[in-house]
Amino acid sequence: MEFQNINALPIDIKEAIRTRKSVRSYEAKSLSEADKQDLMDFYATTQNPFGVKVNVQYISKENSADNIQLGTYGTIKGAKDFLAITVKDEPYAMVASGYQFEELVLYATSKGLGTVWLAATFSRKDFEKAMHIEKDDLFPCISPVGYPTDKKSILERITRVSLGSTQRKAWEKIFFEKDFNHPMTQDLTYQEELESFRLAPSSTNGQPWAVVKDGNTFHFFNDYKNSLGEDVIKIKNLDLGIGLCHFHQTALANHKSGKFVSENINFEVPENMHYIISYQFETSC
């Protein structure tokens, strides 16, 4: 498969990655028409390197036909508007969805808007009634979008603590040199790219990833048991796509050229660790 070159996002990507956080409490009002239009206009310009068409639909409680309820099981407070992903089931579909939707999330962050990825804590039946979904579409996740409020609900406070929302795995638990036997504690050349990857959000903050550096090439893996089931595996690949967006867009912002490639892995890979893709920088620094 041939991967595509895409452009850097026209925002301060490193600042957006640092400041992005999961927002579950919102002012009880819809986005202004100007903010909504700006958001969707921006999404029309986004891309992913995998050649997958990722569709985003904008759903408003205030405009939903027949006052359809958009249930989030009490996890989201005040939100009136939501963004929802649909994509055809094809190679790299979930990785591409994670990558491209995170571009929109980071843009929203740069504009002072709040978002949070939701893959489980919402009523799919409710949202499907308010969306256009074809029979063979995947519908992996949604995000509320709105104006954050400083007044956090008790449930949000509990959720952030229980998920360890501000915590991330240590470098040596995620990054490796040459193979999985040599943990990485630092990489001065690609420090910002790797740290941006480490800061990516993931389902239940599980960070199911590993990265092995070999010269100027980085191999990306996902950690899961095949017995988890297809739906759970898809979400883990969605998570990886978010991390790849952080890594790649930071590299582009730092003017480090490279490309995504699929390679044969010639070192021993631990059980339940699944190779997904590699990124190859043009020169080894």
# chains A, B, ... in the order shown; residues from 1 in each chain; ligands from 1
>>> residues_around(residues="Leu199 (chain A)", least_positions_apart="6", cutoff="10 Å", atoms="only C-alpha atoms", output="list in words")
Ile17, Arg18, Arg20, Thr166, Gln167, Arg168, Lys169, Gln207, Ile242, Gly243, His246 and Phe247 of chain A
>>> select_by_dssp(residues="region 13-190 of chain A", states="helix (DSSP H, G or I)", output="PyMOL selection string")
chain A and resi 13-19+33-43+65-67+93-110+124-129+154-163+171-174
>>> closest_atom_pairs(of="region 175-273 of chain A", to="region 42-66 of chain A", cutoff="10 Å", atoms="only C-alpha atoms", output="Markdown table")
| residue | atom | partner | partner_atom | distance |
| --- | --- | --- | --- | --- |
| A:Gly241 | CA | A:Asn48 | CA | 9.6 |
| A:Cys245 | CA | A:Asn48 | CA | 8.5 |
| A:His248 | CA | A:Pro49 | CA | 9.7 |
| A:Lys259 | CA | A:Pro49 | CA | 8.8 |
| A:Phe260 | CA | A:Pro49 | CA | 7.6 |
>>> atom_distance(atom1="CA of Leu113 (chain A)", atom2="CA of Tyr147 (chain A)")
5.3 Å
>>> atom_distance(atom1="CA of Pro140 (chain A)", atom2="CA of Val95 (chain A)")
11.2 Å
>>> atom_distance(atom1="CA of Asp38 (chain A)", atom2="CA of Arg198 (chain A)")
28.9 Å
>>> residues_around(residues="Ala210 (chain A)", least_positions_apart="4", cutoff="6 Å", atoms="only C-alpha atoms", output="PyMOL selection string")
chain A and resi 174-175+221
>>> write_last_selection(atoms="N, CA, C and O atoms", output="PDB file, in the first residue's frame")
ATOM      1  N   ILE A 174       7.141   2.603  26.883  1.00  0.00           N
ATOM      2  CA  ILE A 174       6.555   2.773  25.550  1.00  0.00           C
ATOM      3  C   ILE A 174       7.597   2.688  24.443  1.00  0.00           C
ATOM      4  O   ILE A 174       7.361   2.079  23.404  1.00  0.00           O
ATOM      5  N   PHE A 175       8.768   3.303  24.671  1.00  0.00           N
ATOM      6  CA  PHE A 175       9.756   3.469  23.612  1.00  0.00           C
ATOM      7  C   PHE A 175      10.945   2.531  23.809  1.00  0.00           C
ATOM      8  O   PHE A 175      11.433   2.353  24.936  1.00  0.00           O
ATOM      9  N   PHE A 221       3.557  -0.320  17.293  1.00  0.00           N
ATOM     10  CA  PHE A 221       2.861  -1.546  17.660  1.00  0.00           C
ATOM     11  C   PHE A 221       1.678  -1.226  18.563  1.00  0.00           C
ATOM     12  O   PHE A 221       1.670  -0.222  19.270  1.00  0.00           O
TER      13      PHE A 221
END
>>> closest_residue(among="A:Ser196, A:Phe101, A:Lys80, A:Tyr107", to="Gln249 (chain A)", atoms="only C-alpha atoms")
A:Ser196
>>> closest_residue(among="A:Asn7, A:Gln191, A:Thr185, A:Thr72", to="Ile142 (chain A)", atoms="only C-alpha atoms")
A:Thr72
>>> residues_around(residues="Pro144 (chain A)", least_positions_apart="2", cutoff="8 Å", atoms="only C-alpha atoms", output="PyMOL selection string")
chain A and resi 76+79-83+114-117+142+146
>>> closest_residue(among="A:Ala170, A:Ala108, A:Leu118, A:Val87", to="Val145 (chain A)", atoms="only C-alpha atoms")
A:Ala108
>>> residues_around(residues="Leu138 (chain A)", least_positions_apart="6", cutoff="8 Å", atoms="only C-alpha atoms", output="list in words")
Thr86, Val87, Lys88 and Asp89 of chain A
>>> closest_residue(among="A:Gly215, A:Ser278, A:Ala16, A:Ile235", to="Ser110 (chain A)", atoms="only C-alpha atoms")
A:Ala16
>>> closest_residue(among="A:Glu193, A:Thr250, A:Met40, A:Pro201", to="Leu9 (chain A)", atoms="only C-alpha atoms")
A:Thr250
>>> closest_residue(among="A:Ile85, A:Ile11, A:Ala130, A:Ile277", to="Leu106 (chain A)", atoms="only C-alpha atoms")
A:Ile11
>>> select_by_dssp(residues="region 187-223 of chain A", states="strand (DSSP E or B)", output="ChimeraX atom specification")
/A:209-214,217-223
>>> write_last_selection(atoms="all heavy atoms", output="short mmCIF file (atom, residue, chain, number, x, y, z; two decimals), in the first residue's frame")
data_model
loop_
_atom_site.label_atom_id
_atom_site.label_comp_id
_atom_site.auth_asym_id
_atom_site.auth_seq_id
_atom_site.Cartn_x
_atom_site.Cartn_y
_atom_site.Cartn_z
N TRP A 209 0.29 1.07 23.35
CA TRP A 209 1.22 1.26 22.27
C TRP A 209 2.64 0.87 22.66
O TRP A 209 2.99 0.83 23.84
CB TRP A 209 1.30 2.74 21.84
CG TRP A 209 0.02 3.47 21.79
CD1 TRP A 209 -1.08 3.10 21.06
CD2 TRP A 209 -0.33 4.67 22.46
NE1 TRP A 209 -2.07 4.02 21.24
CE2 TRP A 209 -1.65 5.00 22.08
CE3 TRP A 209 0.35 5.52 23.32
CZ2 TRP A 209 -2.30 6.14 22.55
CZ3 TRP A 209 -0.30 6.65 23.78
CH2 TRP A 209 -1.61 6.95 23.41
N ALA A 210 3.44 0.65 21.64
CA ALA A 210 4.89 0.55 21.81
C ALA A 210 5.53 1.03 20.52
O ALA A 210 4.97 0.85 19.43
CB ALA A 210 5.31 -0.89 22.12
N VAL A 211 6.70 1.64 20.66
CA VAL A 211 7.43 2.16 19.51
C VAL A 211 8.86 1.68 19.59
O VAL A 211 9.52 1.84 20.64
CB VAL A 211 7.39 3.70 19.46
CG1 VAL A 211 8.06 4.21 18.19
CG2 VAL A 211 5.96 4.22 19.57
N VAL A 212 9.34 1.09 18.51
CA VAL A 212 10.73 0.63 18.45
C VAL A 212 11.46 1.46 17.41
O VAL A 212 11.09 1.48 16.23
CB VAL A 212 10.81 -0.87 18.09
CG1 VAL A 212 12.28 -1.31 18.00
CG2 VAL A 212 10.07 -1.71 19.13
N LYS A 213 12.53 2.13 17.84
CA LYS A 213 13.33 2.93 16.93
C LYS A 213 14.48 2.10 16.39
O LYS A 213 15.20 1.44 17.13
CB LYS A 213 13.90 4.15 17.68
CG LYS A 213 14.81 5.02 16.81
CD LYS A 213 15.51 6.08 17.65
CE LYS A 213 16.51 6.85 16.79
NZ LYS A 213 17.32 7.79 17.59
N ASP A 214 14.68 2.17 15.08
CA ASP A 214 15.81 1.52 14.43
C ASP A 214 16.40 2.50 13.44
O ASP A 214 15.91 2.66 12.32
CB ASP A 214 15.36 0.24 13.72
CG ASP A 214 16.54 -0.55 13.14
OD1 ASP A 214 17.70 -0.17 13.41
OD2 ASP A 214 16.29 -1.54 12.43
N THR A 217 14.09 5.04 11.50
CA THR A 217 12.77 4.44 11.32
C THR A 217 12.16 4.10 12.67
O THR A 217 12.83 3.58 13.56
CB THR A 217 12.86 3.18 10.45
OG1 THR A 217 13.41 3.52 9.17
CG2 THR A 217 11.48 2.56 10.24
N PHE A 218 10.86 4.39 12.81
CA PHE A 218 10.12 4.09 14.03
C PHE A 218 9.00 3.11 13.70
O PHE A 218 8.18 3.38 12.83
CB PHE A 218 9.55 5.37 14.63
CG PHE A 218 10.59 6.30 15.18
CD1 PHE A 218 11.32 7.13 14.32
CD2 PHE A 218 10.87 6.35 16.54
CE1 PHE A 218 12.30 7.98 14.82
CE2 PHE A 218 11.84 7.20 17.04
CZ PHE A 218 12.56 8.01 16.19
N HIS A 219 9.00 1.97 14.39
CA HIS A 219 7.98 0.95 14.20
C HIS A 219 6.92 1.07 15.29
O HIS A 219 7.26 1.09 16.49
CB HIS A 219 8.61 -0.44 14.26
CG HIS A 219 9.77 -0.64 13.32
ND1 HIS A 219 9.63 -0.57 11.95
CD2 HIS A 219 11.08 -0.91 13.55
CE1 HIS A 219 10.82 -0.79 11.37
NE2 HIS A 219 11.71 -0.98 12.33
N PHE A 220 5.66 1.14 14.90
CA PHE A 220 4.56 1.33 15.84
C PHE A 220 3.78 0.03 16.02
O PHE A 220 3.38 -0.61 15.05
CB PHE A 220 3.63 2.44 15.34
CG PHE A 220 4.27 3.80 15.34
CD1 PHE A 220 5.00 4.24 14.24
CD2 PHE A 220 4.16 4.63 16.44
CE1 PHE A 220 5.61 5.49 14.24
CE2 PHE A 220 4.77 5.89 16.45
CZ PHE A 220 5.49 6.32 15.34
N PHE A 221 3.56 -0.32 17.29
CA PHE A 221 2.86 -1.55 17.66
C PHE A 221 1.68 -1.23 18.56
O PHE A 221 1.67 -0.22 19.27
CB PHE A 221 3.80 -2.49 18.42
CG PHE A 221 4.96 -3.00 17.61
CD1 PHE A 221 6.09 -2.22 17.42
CD2 PHE A 221 4.94 -4.28 17.06
CE1 PHE A 221 7.17 -2.69 16.67
CE2 PHE A 221 6.01 -4.75 16.33
CZ PHE A 221 7.14 -3.95 16.13
N ASN A 222 0.70 -2.13 18.54
CA ASN A 222 -0.44 -2.05 19.46
C ASN A 222 -0.45 -3.31 20.32
O ASN A 222 -0.23 -4.42 19.81
CB ASN A 222 -1.75 -1.94 18.69
CG ASN A 222 -2.53 -0.70 19.07
OD1 ASN A 222 -2.29 -0.12 20.12
ND2 ASN A 222 -3.47 -0.30 18.23
N ASP A 223 -0.73 -3.14 21.59
CA ASP A 223 -0.70 -4.25 22.55
C ASP A 223 -2.13 -4.67 22.88
O ASP A 223 -2.88 -3.93 23.50
CB ASP A 223 0.03 -3.79 23.82
CG ASP A 223 0.21 -4.92 24.82
OD1 ASP A 223 -0.16 -6.07 24.51
OD2 ASP A 223 0.73 -4.66 25.92
#
